[in-house]
$ cat entry07.cif   # mmCIF, C-alpha atoms
data_structure
loop_
_atom_site.label_atom_id
_atom_site.label_comp_id
_atom_site.auth_asym_id
_atom_site.auth_seq_id
_atom_site.Cartn_x
_atom_site.Cartn_y
_atom_site.Cartn_z
CA MET A 1 0.37 17.45 -15.28
CA ALA A 2 -0.44 16.36 -11.73
CA PHE A 3 -2.17 12.99 -11.80
CA ASP A 4 -5.11 12.17 -9.56
CA LEU A 5 -8.20 9.95 -9.78
CA ASN A 6 -10.06 12.29 -12.14
CA THR A 7 -7.07 12.47 -14.48
CA LEU A 8 -6.64 8.71 -14.35
CA LEU A 9 -10.29 8.08 -15.26
CA ALA A 10 -10.87 10.88 -17.78
CA PRO A 11 -13.12 11.16 -19.72
CA CYS A 12 -15.09 8.93 -17.32
CA CYS A 13 -16.00 10.84 -14.16
CA SER A 14 -15.32 9.31 -10.76
CA GLU A 15 -19.03 9.34 -9.83
CA ASP A 16 -19.91 7.17 -12.85
CA PHE A 17 -16.92 4.93 -12.18
CA PHE A 18 -17.96 4.13 -8.61
CA LYS A 19 -21.59 3.69 -9.64
CA GLU A 20 -21.06 1.50 -12.70
CA TYR A 21 -17.67 -0.22 -12.48
CA TRP A 22 -16.06 -0.29 -9.03
CA GLU A 23 -15.94 -3.91 -7.78
CA SER A 24 -18.41 -4.74 -10.53
CA LYS A 25 -17.14 -4.88 -14.12
CA PRO A 26 -14.10 -3.99 -16.27
CA LEU A 27 -13.65 -0.57 -17.85
CA HIS A 28 -11.61 0.12 -20.98
CA LEU A 29 -10.76 3.68 -21.96
CA SER A 30 -9.23 4.20 -25.42
CA ARG A 31 -7.83 7.72 -25.47
CA ARG A 32 -5.70 7.91 -28.64
CA ALA A 33 -3.25 9.99 -26.61
CA PRO A 34 0.11 8.16 -26.65
CA HIS A 35 1.81 10.65 -24.28
CA TYR A 36 -1.00 10.73 -21.71
CA TYR A 37 1.11 9.11 -18.99
CA ASP A 38 4.41 10.86 -19.74
CA SER A 39 4.30 12.82 -16.47
CA VAL A 40 3.82 9.57 -14.52
CA LEU A 41 6.29 7.26 -16.25
CA ALA A 42 7.77 7.00 -19.73
CA ASN A 43 9.46 4.09 -21.49
CA GLU A 44 12.82 5.87 -21.44
CA ALA A 45 12.53 6.35 -17.68
CA LEU A 46 11.91 2.62 -17.25
CA GLU A 47 15.03 1.80 -19.24
CA THR A 48 17.05 4.24 -17.12
CA ILE A 49 15.72 2.79 -13.86
CA ILE A 50 16.61 -0.74 -14.93
CA SER A 51 20.03 0.32 -16.22
CA SER A 52 21.22 2.60 -13.43
CA ALA A 53 19.04 2.48 -10.31
CA ASP A 54 20.90 -0.57 -8.93
CA LEU A 55 17.64 -2.19 -7.85
CA ARG A 56 17.96 -5.29 -5.69
CA TYR A 57 15.64 -8.26 -5.53
CA PRO A 58 12.66 -8.13 -4.95
CA ALA A 59 12.57 -4.59 -6.40
CA ILE A 60 13.47 -6.11 -9.78
CA GLN A 61 12.20 -9.52 -10.93
CA LEU A 62 11.98 -11.54 -14.13
CA ALA A 63 9.00 -13.68 -15.14
CA ARG A 64 8.43 -16.09 -18.01
CA SER A 65 5.42 -18.30 -18.86
CA GLY A 66 3.72 -17.66 -15.54
CA SER A 67 6.73 -18.29 -13.28
CA TYR A 68 9.30 -16.01 -11.70
CA LEU A 69 12.95 -16.74 -12.37
CA PRO A 70 15.19 -17.25 -9.32
CA PRO A 71 17.14 -14.06 -8.57
CA GLU A 72 20.42 -15.95 -9.01
CA ALA A 73 19.62 -16.11 -12.73
CA TYR A 74 20.01 -12.36 -13.22
CA THR A 75 21.97 -10.97 -10.26
CA LYS A 76 25.58 -11.11 -9.08
CA ASN A 77 27.69 -10.29 -6.02
CA ILE A 78 30.30 -7.56 -6.35
CA LYS A 79 33.31 -7.35 -4.04
CA HIS A 80 34.32 -3.90 -2.82
CA GLY A 81 37.39 -3.99 -0.61
CA GLY A 82 36.61 -6.48 2.12
CA GLU A 83 32.83 -6.26 1.64
CA PHE A 84 30.29 -7.51 -0.88
CA PHE A 85 27.33 -5.88 -2.61
CA ASN A 86 25.01 -8.86 -2.88
CA GLY A 87 22.21 -9.38 -5.39
CA VAL A 88 23.31 -6.60 -7.78
CA PRO A 89 21.38 -6.77 -11.10
CA ASP A 90 23.48 -8.22 -13.91
CA LEU A 91 22.35 -6.11 -16.86
CA ALA A 92 23.88 -8.44 -19.46
CA ARG A 93 21.97 -11.42 -18.07
CA ILE A 94 18.78 -9.39 -17.68
CA GLN A 95 19.03 -8.31 -21.31
CA ALA A 96 19.67 -11.89 -22.41
CA GLU A 97 16.66 -13.22 -20.48
CA TYR A 98 14.55 -10.37 -21.84
CA ARG A 99 15.56 -11.29 -25.40
CA SER A 100 14.48 -14.84 -24.60
CA GLY A 101 10.96 -13.72 -23.68
CA ALA A 102 11.21 -12.82 -19.99
CA THR A 103 9.18 -9.91 -18.62
CA VAL A 104 11.00 -7.42 -16.41
CA VAL A 105 8.89 -6.61 -13.35
CA LEU A 106 9.52 -3.67 -11.03
CA PRO A 107 7.25 -4.21 -7.98
CA ALA A 108 6.29 -1.26 -5.77
CA LEU A 109 8.01 1.17 -8.12
CA GLN A 110 6.38 4.07 -6.25
CA ARG A 111 9.08 3.55 -3.61
CA ILE A 112 11.73 5.09 -5.86
CA TRP A 113 9.83 6.97 -8.58
CA PRO A 114 8.31 10.20 -7.17
CA PRO A 115 5.59 10.76 -9.84
CA LEU A 116 4.21 7.28 -9.17
CA LYS A 117 4.40 7.84 -5.43
CA GLU A 118 2.46 11.10 -5.75
CA LEU A 119 -0.19 9.28 -7.80
CA CYS A 120 -0.45 6.56 -5.14
CA VAL A 121 -0.77 9.18 -2.39
CA ALA A 122 -3.53 10.97 -4.35
CA LEU A 123 -5.40 7.71 -4.88
CA GLU A 124 -5.06 6.72 -1.23
CA ASN A 125 -6.69 10.03 -0.32
CA GLU A 126 -9.61 9.12 -2.58
CA PHE A 127 -9.99 5.40 -1.84
CA SER A 128 -8.66 5.04 1.76
CA HIS A 129 -7.33 1.65 0.61
CA ALA A 130 -3.68 0.55 0.21
CA ILE A 131 -2.17 1.52 -3.16
CA HIS A 132 0.91 0.21 -4.94
CA ALA A 133 2.29 0.52 -8.47
CA ASN A 134 4.19 -2.15 -10.44
CA ALA A 135 5.84 -1.68 -13.83
CA TYR A 136 6.09 -4.39 -16.50
CA LEU A 137 8.34 -4.44 -19.55
CA THR A 138 7.59 -7.30 -21.98
CA PRO A 139 9.41 -8.02 -25.29
CA GLY A 140 7.55 -8.48 -28.55
CA ASP A 141 5.76 -11.79 -29.28
CA SER A 142 5.80 -12.75 -25.62
CA SER A 143 3.67 -13.22 -22.52
CA GLY A 144 5.01 -13.04 -19.00
CA PHE A 145 2.10 -14.61 -17.15
CA THR A 146 -0.49 -17.33 -17.68
CA PRO A 147 -4.22 -16.58 -17.16
CA HIS A 148 -4.96 -15.63 -13.53
CA TYR A 149 -6.94 -13.24 -11.39
CA ASP A 150 -5.65 -10.69 -8.89
CA ALA A 151 -7.03 -10.42 -5.37
CA HIS A 152 -6.82 -6.62 -5.59
CA GLU A 153 -8.35 -3.99 -7.87
CA VAL A 154 -6.17 -3.13 -10.86
CA PHE A 155 -5.75 -0.10 -13.12
CA VAL A 156 -3.57 -0.89 -16.15
CA LEU A 157 -1.81 2.16 -17.62
CA GLN A 158 -0.38 1.40 -21.07
CA ILE A 159 2.86 3.39 -21.33
CA GLU A 160 4.50 2.16 -24.53
CA GLY A 161 3.72 -0.34 -27.29
CA ARG A 162 0.60 -2.46 -27.61
CA LYS A 163 -0.70 -5.40 -25.60
CA ARG A 164 -3.60 -7.74 -26.31
CA TRP A 165 -5.79 -8.51 -23.31
CA ARG A 166 -8.41 -11.18 -22.82
CA VAL A 167 -10.66 -10.85 -19.80
CA PHE A 168 -12.86 -13.64 -18.40
CA GLU A 169 -15.65 -13.76 -15.83
CA ALA A 170 -14.61 -14.06 -12.20
CA PRO A 171 -14.70 -17.67 -10.92
CA LEU A 172 -14.76 -16.21 -7.38
CA LYS A 173 -16.57 -12.93 -6.88
CA LEU A 174 -14.54 -10.31 -5.01
CA PRO A 175 -11.83 -12.62 -3.63
CA HIS A 176 -10.22 -11.57 -0.37
CA TRP A 177 -6.48 -10.86 -0.55
CA SER A 178 -5.96 -14.20 1.24
CA GLN A 179 -7.73 -16.07 -1.60
CA PRO A 180 -5.24 -16.07 -4.52
CA PHE A 181 -5.95 -17.64 -7.89
CA THR A 182 -5.61 -21.44 -8.03
CA PRO A 183 -5.06 -22.70 -11.60
CA SER A 184 -5.72 -26.35 -10.74
CA GLY A 185 -8.97 -27.46 -12.38
CA TYR A 186 -9.70 -24.05 -13.89
CA VAL A 187 -10.87 -24.10 -17.54
CA LEU A 188 -10.93 -20.85 -19.49
CA PRO A 189 -14.47 -19.88 -20.53
CA LYS A 190 -15.34 -17.69 -23.48
CA PRO A 191 -13.69 -14.25 -23.13
CA LEU A 192 -15.84 -11.51 -21.71
CA LEU A 193 -13.62 -8.84 -23.27
CA GLU A 194 -10.88 -8.86 -25.95
CA ILE A 195 -9.00 -5.60 -26.48
CA GLU A 196 -5.63 -4.22 -27.49
CA LEU A 197 -4.28 -1.50 -25.23
CA GLN A 198 -2.50 1.36 -26.98
CA PRO A 199 -0.22 3.94 -25.31
CA GLY A 200 -2.36 6.25 -23.18
CA ASP A 201 -5.16 3.70 -22.73
CA LEU A 202 -6.55 2.51 -19.39
CA LEU A 203 -8.01 -0.83 -18.31
CA TYR A 204 -9.70 -1.30 -14.95
CA LEU A 205 -10.16 -4.85 -13.69
CA PRO A 206 -12.07 -5.61 -10.49
CA ARG A 207 -10.45 -8.30 -8.39
CA GLY A 208 -11.41 -11.82 -9.39
CA PHE A 209 -11.67 -11.26 -13.16
CA VAL A 210 -9.30 -13.68 -14.87
CA HIS A 211 -7.08 -12.09 -17.51
CA ALA A 212 -4.27 -12.92 -19.90
CA ALA A 213 -2.10 -10.52 -21.89
CA ALA A 214 0.45 -10.85 -24.71
CA THR A 215 2.47 -8.50 -26.89
CA SER A 216 2.41 -8.42 -30.68
CA ASP A 217 5.50 -7.73 -32.76
CA GLY A 218 6.72 -4.86 -30.55
CA HIS A 219 7.54 -4.59 -26.87
CA SER A 220 5.09 -3.31 -24.25
CA ALA A 221 5.55 -1.20 -21.14
CA HIS A 222 2.70 -0.76 -18.69
CA VAL A 223 2.06 0.11 -15.06
CA THR A 224 -0.50 -1.59 -12.88
CA VAL A 225 -1.83 0.47 -10.02
CA GLY A 226 -3.09 -2.07 -7.50
CA ILE A 227 -5.64 -1.31 -4.79
CA THR A 228 -5.64 -3.79 -1.92
CA VAL A 229 -9.03 -3.10 -0.39
CA PHE A 230 -9.84 -3.24 3.29
CA THR A 231 -12.99 -5.33 3.57
CA TRP A 232 -15.56 -6.00 6.28
CA VAL A 233 -13.41 -9.02 7.09
CA GLU A 234 -10.75 -6.63 8.46
CA VAL A 235 -13.34 -4.76 10.52
CA LEU A 236 -14.62 -8.06 11.92
CA SER A 237 -11.02 -8.94 12.78
CA GLU A 238 -10.93 -5.87 15.00
CA LEU A 239 -14.17 -7.08 16.58
CA MET A 240 -12.62 -10.48 17.29
CA ALA A 241 -9.54 -8.81 18.79
CA SER A 242 -11.79 -6.74 21.07
CA ALA A 243 -13.40 -9.95 22.33
CA LYS A 244 -10.33 -10.55 24.48
CA SER A 245 -11.48 -7.76 26.79
CA ILE A 246 -14.62 -9.75 27.78
CA THR A 247 -13.92 -12.10 30.69
CA ASP A 248 -16.45 -14.78 29.69
CA LEU A 249 -14.93 -15.05 26.23
CA ARG A 250 -11.51 -15.76 27.71
CA ALA A 251 -12.88 -18.89 29.41
CA GLY A 252 -11.57 -22.20 28.07
CA LEU A 253 -13.61 -24.47 25.84
CA PRO A 254 -15.26 -27.34 27.75
CA PRO A 255 -12.99 -30.34 28.55
CA GLY A 256 -13.14 -32.98 25.86
CA PHE A 257 -14.64 -30.59 23.29
CA ALA A 258 -12.72 -32.26 20.45
CA THR A 259 -13.66 -35.86 21.30
CA HIS A 260 -17.11 -36.02 22.92
CA GLU A 261 -20.04 -36.85 20.64
CA ASP A 262 -22.16 -33.93 21.82
CA SER A 263 -19.30 -31.41 21.51
CA LYS A 264 -20.68 -29.77 18.34
CA LYS A 265 -23.96 -28.97 20.07
CA VAL A 266 -22.13 -27.58 23.12
CA LEU A 267 -19.81 -25.49 20.96
CA ARG A 268 -22.71 -24.15 18.89
CA GLU A 269 -24.62 -23.11 22.01
CA GLY A 270 -21.48 -21.53 23.42
CA LEU A 271 -20.81 -19.67 20.18
CA VAL A 272 -24.33 -18.22 20.20
CA LYS A 273 -23.75 -16.99 23.76
CA CYS A 274 -20.41 -15.47 22.68
CA MET A 275 -22.08 -13.52 19.89
CA ASP A 276 -24.69 -12.24 22.34
CA GLN A 277 -21.88 -11.17 24.68
CA LEU A 278 -20.16 -9.29 21.84
CA LYS A 279 -23.35 -7.48 20.88
CA GLY A 280 -23.88 -6.30 24.42
CA ASN A 281 -20.31 -5.40 25.39
CA VAL A 282 -18.56 -3.97 22.33
CA ASP A 283 -17.94 -0.23 22.07
CA TYR A 284 -18.44 0.05 18.31
CA ASP A 285 -17.31 3.68 18.07
CA ARG A 286 -14.06 2.83 19.85
CA LEU A 287 -13.55 -0.25 17.67
CA ILE A 288 -14.03 1.75 14.47
CA GLU A 289 -11.70 4.51 15.65
CA THR A 290 -9.01 1.94 16.53
CA PHE A 291 -9.38 0.41 13.07
CA LEU A 292 -9.13 3.81 11.36
CA GLN A 293 -6.13 4.85 13.44
CA ARG A 294 -4.26 1.70 12.46
CA LEU A 295 -4.97 2.32 8.77
CA ARG A 296 -3.99 5.99 8.94
CA SER A 297 -0.67 5.13 10.55
CA GLY A 298 0.23 2.92 7.59
CA ARG A 299 -0.73 5.34 4.83
CA THR A 300 1.77 6.51 2.24
CA ARG A 301 2.96 10.06 2.68
CA SER A 302 3.87 12.57 0.02
CA VAL A 303 7.44 12.56 -1.26
CA GLU A 304 9.89 14.47 0.92
CA ALA A 305 13.42 15.06 -0.31
CA PHE A 306 16.44 14.32 1.85
CA ARG A 307 18.04 17.52 3.09
CA ALA A 308 21.67 17.72 4.16
CA SER A 309 21.42 21.16 5.79
CA VAL A 310 19.97 20.36 9.22
CA ARG A 311 20.74 21.27 12.81
CA VAL A 312 20.74 18.59 15.48
CA ILE A 313 18.34 19.51 18.26
CA GLY A 314 19.97 19.54 21.68
CA LEU A 315 18.80 20.24 25.20
CA GLN A 316 19.48 23.98 24.77
CA THR A 317 18.09 24.38 21.24
CA PRO A 318 15.31 27.04 21.20
CA LEU A 319 12.06 25.72 19.69
CA THR A 320 8.58 27.13 19.13
CA THR A 321 5.12 25.58 18.89
CA PRO A 322 2.52 26.67 16.30
CA GLU A 323 -0.28 29.11 17.00
CA ALA A 324 -3.09 27.66 19.12
CA GLY A 325 -5.69 27.37 16.33
CA ARG A 326 -3.58 24.90 14.34
CA TYR A 327 -3.58 22.06 16.87
CA SER A 328 -5.45 20.38 19.71
CA ILE A 329 -4.46 17.94 22.45
CA SER A 330 -6.78 15.38 24.02
CA MET A 331 -6.77 12.01 25.75
CA GLU A 332 -8.18 8.92 24.06
CA ASN A 333 -8.14 5.30 25.23
CA GLY A 334 -5.18 5.95 27.51
CA SER A 335 -3.14 7.76 24.85
CA THR A 336 -2.28 11.39 24.18
CA VAL A 337 -3.78 12.55 20.87
CA LEU A 338 -2.20 15.47 19.03
CA GLU A 339 -4.14 16.81 16.04
CA PHE A 340 -2.17 19.21 13.88
CA ASP A 341 -2.85 20.63 10.40
CA GLY A 342 -5.33 17.86 9.58
CA ARG A 343 -3.10 15.05 10.85
CA LYS A 344 -3.60 12.97 13.96
CA PHE A 345 -0.77 11.62 16.12
CA LEU A 346 -1.30 8.95 18.78
CA LEU A 347 1.37 9.42 21.47
CA PRO A 348 2.13 7.65 24.77
CA HIS A 349 0.16 8.89 27.78
CA HIS A 350 3.27 9.67 29.84
CA ILE A 351 4.43 12.47 27.49
CA SER A 352 1.27 14.54 28.05
CA THR A 353 2.79 16.72 30.81
CA THR A 354 5.84 17.56 28.70
CA LEU A 355 3.75 18.23 25.61
CA ASP A 356 1.41 20.52 27.57
CA GLU A 357 4.35 22.52 28.87
CA MET A 358 5.79 22.89 25.37
CA CYS A 359 2.51 24.41 24.21
CA LYS A 360 2.11 26.70 27.25
CA ARG A 361 5.62 28.11 26.93
CA LYS A 362 5.43 28.62 23.13
CA LEU A 363 9.21 29.25 23.15
CA PHE A 364 11.25 26.71 25.07
CA ARG A 365 14.43 24.64 25.30
CA PRO A 366 13.98 20.85 25.73
CA GLY A 367 16.29 20.75 28.75
CA GLU A 368 14.07 23.23 30.64
CA LEU A 369 10.89 21.17 30.37
CA ARG A 370 9.41 19.56 33.46
CA GLY A 371 7.69 16.21 33.60
CA PRO A 372 8.46 12.50 33.92
CA LEU A 373 10.72 12.36 30.85
CA ASP A 374 14.48 12.25 31.33
CA ASN A 375 16.76 14.25 29.05
CA ASP A 376 16.91 11.48 26.43
CA GLY A 377 13.11 11.28 26.41
CA LYS A 378 12.77 15.06 26.03
CA LEU A 379 15.18 15.05 23.10
CA GLN A 380 13.43 12.11 21.46
CA LEU A 381 10.04 13.83 21.73
CA ALA A 382 11.35 17.21 20.53
CA ARG A 383 13.18 15.71 17.55
CA TYR A 384 10.13 13.66 16.56
CA LEU A 385 7.76 16.65 16.74
CA HIS A 386 10.27 18.79 14.84
CA GLY A 387 10.48 16.12 12.13
CA GLU A 388 6.68 16.21 11.86
CA ARG A 389 6.87 20.04 11.55
CA PHE A 390 4.92 20.62 14.77
CA LEU A 391 7.98 22.28 16.33
CA THR A 392 10.17 24.80 14.52
CA LEU A 393 13.60 26.21 15.29
CA ALA A 394 13.40 29.66 16.88
CA ASP A 395 15.09 32.45 14.94
#

$ encode --input "entry07.cif" --output "structure tokens"
Amino acid sequence: MAFDLNTLLAPCCSEDFFKEYWESKPLHLSRRAPHYYDSVLANEALETIISSADLRYPAIQLARSGSYLPPEAYTKNIKHGGEFFNGVPDLARIQAEYRSGATVVLPALQRIWPPLKELCVALENEFSHAIHANAYLTPGDSSGFTPHYDAHEVFVLQIEGRKRWRVFEAPLKLPHWSQPFTPSGYVLPKPLLEIELQPGDLLYLPRGFVHAAATSDGHSAHVTVGITVFTWVEVLSELMASAKSITDLRAGLPPGFATHEDSKKVLREGLVKCMDQLKGNVDYDRLIETFLQRLRSGRTRSVEAFRASVRVIGLQTPLTTPEAGRYSISMENGSTVLEFDGRKFLLPHHISTTLDEMCKRKLFRPGELRGPLDNDGKLQLARYLHGERFLTLAD
């Protein structure tokens, strides 16, 4: 079963979720379907990953009573000939710490587990925010973490066993990712929600809601799908970066601004003028497009398997471009923009002549192309576009 947002939320529909729960209040779905997440991750798969995947810190971590153990407590260095494999997980020590109540944490497990990566890709397509997936394996009668809130949205997928959760009101509404939980001075209020997650259940927690979880007599395995949201703070950061293009805003603050008595008044008046300058000089469409381009470039892509059977592209390798309707080339903010099969590539301006000639010829050899690129540049461009499936090897 391919997992996407609708599958994750069923029987709640995504429209109701965004209207009633997103960034607002917790959601608990009790499904009574213990194998609901088998196609995403199963307990046996977790055991195999820990036992044989040779994960290195920080891809495997141990936590107990709210603190992470130092990696030296559960890793070792292995000598192989004249070299060392450093930080190799010591399974015997991991098992011993686990028996003593430590939780095994596998951060960003989507990096190595394709079903989780596909789920993260599907969710990124829906949310446009950054997605990651962590796995947690906790022994019976134990708790890996003390009460805290996360500065990202969380979906908890209960894979195996049971876990008791207590959820408390958010002491800080919608914390930014730079505002982590501070336990000093925090006193737990009355729980807002007390539940026990069973295999197949889902718990959604908006960022800021304090929570604590503990196992009963059996162990628990769960995955948290975290959504680090891009906020208006990030958009405003782009606005501040664009301020550097305005000459007046690059002027220095008045001499003595940190010591003169009337400096606050001068700074306030200057700040008001700066804001007026921004309002009148910022190209908002360009700013938004720059912001979106930066986010798109960092998005997770679907899983692609390594293939051994490849041919190295040389200067005389025949290549073809796709039919005209599948792509477009334009100029934008001094860059060459290639749009192909729904994807957008921002390329250096100086490759435009070579790219245009590729598309005019349809069938070409990199060494025959004209333009400012030398042979190394032509090969680099051709190999990159072939890797992105824009160019194909001619029969």

$ atom_distance --input "entry07.cif" --atom1 "CA of Glu289 in chain A" --atom2 "CA of Gly325 in chain A"
23.6 Å

$ closest_residue --input "entry07.cif" --among "A:Pro139, A:Leu91, A:Gln158, A:Pro147" --to "Val40 in chain A" --atoms "all atoms listed in the file"
A:Gln158

$ closest_residue --input "entry07.cif" --among "A:Leu385, A:Ala221, A:Ile49, A:Leu295" --to "Leu338 in chain A" --atoms "all atoms listed in the file"
A:Leu385

$ atom_distance --input "entry07.cif" --atom1 "CA of Pro11 in chain A" --atom2 "CA of Arg111 in chain A"
28.5 Å

$ atom_distance --input "entry07.cif" --atom1 "CA of Ala42 in chain A" --atom2 "CA of Ser220 in chain A"
11.6 Å

$ residues_around --input "entry07.cif" --residues "Trp113 in chain A" --least-positions-apart "2" --cutoff "12 Å" --atoms "all atoms listed in the file" --output "ChimeraX atom specification"
/A:39-42,45-46,48-49,53,106-111,115-120,132-135,302-303

$ resolve_selection --input "entry07.cif" --expression "the PyMOL selection byres ((chain A and resi 65) around 12)" --output "ChimeraX atom specification"
/A:62-64,66-69,100-103,138,142-148,212-214

$ write_last_selection --input "entry07.cif" --atoms "C-alpha atoms" --output "PDB file, in the frame of the given file"
ATOM      1  CA  LEU A  62      11.980 -11.540 -14.130  1.00  0.00           C
ATOM      2  CA  ALA A  63       9.000 -13.680 -15.140  1.00  0.00           C
ATOM      3  CA  ARG A  64       8.430 -16.090 -18.010  1.00  0.00           C
ATOM      4  CA  GLY A  66       3.720 -17.660 -15.540  1.00  0.00           C
ATOM      5  CA  SER A  67       6.730 -18.290 -13.280  1.00  0.00           C
ATOM      6  CA  TYR A  68       9.300 -16.010 -11.700  1.00  0.00           C
ATOM      7  CA  LEU A  69      12.950 -16.740 -12.370  1.00  0.00           C
ATOM      8  CA  SER A 100      14.480 -14.840 -24.600  1.00  0.00           C
ATOM      9  CA  GLY A 101      10.960 -13.720 -23.680  1.00  0.00           C
ATOM     10  CA  ALA A 102      11.210 -12.820 -19.990  1.00  0.00           C
ATOM     11  CA  THR A 103       9.180  -9.910 -18.620  1.00  0.00           C
ATOM     12  CA  THR A 138       7.590  -7.300 -21.980  1.00  0.00           C
ATOM     13  CA  SER A 142       5.800 -12.750 -25.620  1.00  0.00           C
ATOM     14  CA  SER A 143       3.670 -13.220 -22.520  1.00  0.00           C
ATOM     15  CA  GLY A 144       5.010 -13.040 -19.000  1.00  0.00           C
ATOM     16  CA  PHE A 145       2.100 -14.610 -17.150  1.00  0.00           C
ATOM     17  CA  THR A 146      -0.490 -17.330 -17.680  1.00  0.00           C
ATOM     18  CA  PRO A 147      -4.220 -16.580 -17.160  1.00  0.00           C
ATOM     19  CA  HIS A 148      -4.960 -15.630 -13.530  1.00  0.00           C
ATOM     20  CA  ALA A 212      -4.270 -12.920 -19.900  1.00  0.00           C
ATOM     21  CA  ALA A 213      -2.100 -10.520 -21.890  1.00  0.00           C
ATOM     22  CA  ALA A 214       0.450 -10.850 -24.710  1.00  0.00           C
TER      23      ALA A 214
END

$ axis_aligned_box --input "entry07.cif" --around "range 225-229 of chain A" --padding-each-side "6 Å" --output "AutoDock Vina command-line options"
--center_x -5.4 --center_y -1.7 --center_z -5.2 --size_x 19.2 --size_y 16.3 --size_z 21.6

$ resolve_selection --input "entry07.cif" --expression "the PyMOL selection byres ((chain A and resi 160) around 12)" --output "PyMOL selection string"
chain A and resi 33-38+41-47+135-140+157-159+161-163+197-201+215+218-223

$ closest_residue --input "entry07.cif" --among "A:Phe257, A:Phe291, A:Phe209, A:Tyr21" --to "Trp232 in chain A" --atoms "all atoms listed in the file"
A:Phe291

$ resolve_selection --input "entry07.cif" --expression "the PyMOL selection byres ((chain A and resi 386) around 12)" --output "PyMOL selection string"
chain A and resi 310-314+317-322+366+379-385+387-394

$ residues_around --input "entry07.cif" --residues "range 180-191 of chain A" --least-positions-apart "3" --cutoff "10 Å" --atoms "only C-alpha atoms" --output "PyMOL selection string"
chain A and resi 146-152+165-169+171-172+175-177+194+208+210-211

$ residues_around --input "entry07.cif" --residues "range 340-357 of chain A" --least-positions-apart "4" --cutoff "9 Å" --atoms "only C-alpha atoms" --output "list of chain:residue names"
A:Gln293, A:Arg296, A:Ser297, A:Arg326, A:Tyr327, A:Ser328, A:Ile329, A:Met331, A:Glu332, A:Gly334, A:Ser335, A:Thr336, A:Arg361, A:Lys362, A:Phe364, A:Leu369, A:Arg370, A:Gly371, A:Pro372, A:Leu373, A:Gly377, A:Lys378, A:Leu381, A:Phe390

$ write_last_selection --input "entry07.cif" --atoms "C-alpha atoms" --output "PDB file, in the coordinates of the input"
ATOM      1  CA  GLN A 293      -6.130   4.850  13.440  1.00  0.00           C
ATOM      2  CA  ARG A 296      -3.990   5.990   8.940  1.00  0.00           C
ATOM      3  CA  SER A 297      -0.670   5.130  10.550  1.00  0.00           C
ATOM      4  CA  ARG A 326      -3.580  24.900  14.340  1.00  0.00           C
ATOM      5  CA  TYR A 327      -3.580  22.060  16.870  1.00  0.00           C
ATOM      6  CA  SER A 328      -5.450  20.380  19.710  1.00  0.00           C
ATOM      7  CA  ILE A 329      -4.460  17.940  22.450  1.00  0.00           C
ATOM      8  CA  MET A 331      -6.770  12.010  25.750  1.00  0.00           C
ATOM      9  CA  GLU A 332      -8.180   8.920  24.060  1.00  0.00           C
ATOM     10  CA  GLY A 334      -5.180   5.950  27.510  1.00  0.00           C
ATOM     11  CA  SER A 335      -3.140   7.760  24.850  1.00  0.00           C
ATOM     12  CA  THR A 336      -2.280  11.390  24.180  1.00  0.00           C
ATOM     13  CA  ARG A 361       5.620  28.110  26.930  1.00  0.00           C
ATOM     14  CA  LYS A 362       5.430  28.620  23.130  1.00  0.00           C
ATOM     15  CA  PHE A 364      11.250  26.710  25.070  1.00  0.00           C
ATOM     16  CA  LEU A 369      10.890  21.170  30.370  1.00  0.00           C
ATOM     17  CA  ARG A 370       9.410  19.560  33.460  1.00  0.00           C
ATOM     18  CA  GLY A 371       7.690  16.210  33.600  1.00  0.00           C
ATOM     19  CA  PRO A 372       8.460  12.500  33.920  1.00  0.00           C
ATOM     20  CA  LEU A 373      10.720  12.360  30.850  1.00  0.00           C
ATOM     21  CA  GLY A 377      13.110  11.280  26.410  1.00  0.00           C
ATOM     22  CA  LYS A 378      12.770  15.060  26.030  1.00  0.00           C
ATOM     23  CA  LEU A 381      10.040  13.830  21.730  1.00  0.00           C
ATOM     24  CA  PHE A 390       4.920  20.620  14.770  1.00  0.00           C
TER      25      PHE A 390
END

$ residues_around --input "entry07.cif" --residues "Leu287 in chain A" --least-positions-apart "2" --cutoff "10 Å" --atoms "all atoms listed in the file" --output "MDAnalysis selection string"
chainID A and resid 235:236 238:239 241:242 282:285 289:293

$ residues_around --input "entry07.cif" --residues "Asn281 in chain A" --least-positions-apart "4" --cutoff "12 Å" --atoms "only C-alpha atoms" --output "NGL selection string"
:A and (239 or 242-249 or 274-277 or 286-287)

$ closest_residue --input "entry07.cif" --among "A:Ser30, A:Gln61, A:Asn125, A:Ser24" --to "Leu5 in chain A" --atoms "all atoms listed in the file"
A:Asn125

$ decode --input "entry07.cif" --residues "range 304-315 of chain A" --atoms "C-alpha atoms" --output "PDB file, in the first residue's frame"
ATOM      1  CA  GLU A 304      16.470   6.276  -7.157  1.00  0.00           C
ATOM      2  CA  ALA A 305      18.455   3.055  -7.091  1.00  0.00           C
ATOM      3  CA  PHE A 306      22.171   2.966  -7.838  1.00  0.00           C
ATOM      4  CA  ARG A 307      22.828   1.441 -11.242  1.00  0.00           C
ATOM      5  CA  ALA A 308      26.149  -0.139 -12.165  1.00  0.00           C
ATOM      6  CA  SER A 309      25.448  -0.384 -15.903  1.00  0.00           C
ATOM      7  CA  VAL A 310      26.261   3.124 -17.139  1.00  0.00           C
ATOM      8  CA  ARG A 311      28.255   4.658 -19.954  1.00  0.00           C
ATOM      9  CA  VAL A 312      30.549   7.592 -19.276  1.00  0.00           C
ATOM     10  CA  ILE A 313      29.645  10.512 -21.513  1.00  0.00           C
ATOM     11  CA  GLY A 314      32.577  11.776 -23.548  1.00  0.00           C
ATOM     12  CA  LEU A 315      33.086  14.536 -26.075  1.00  0.00           C
TER      13      LEU A 315
END
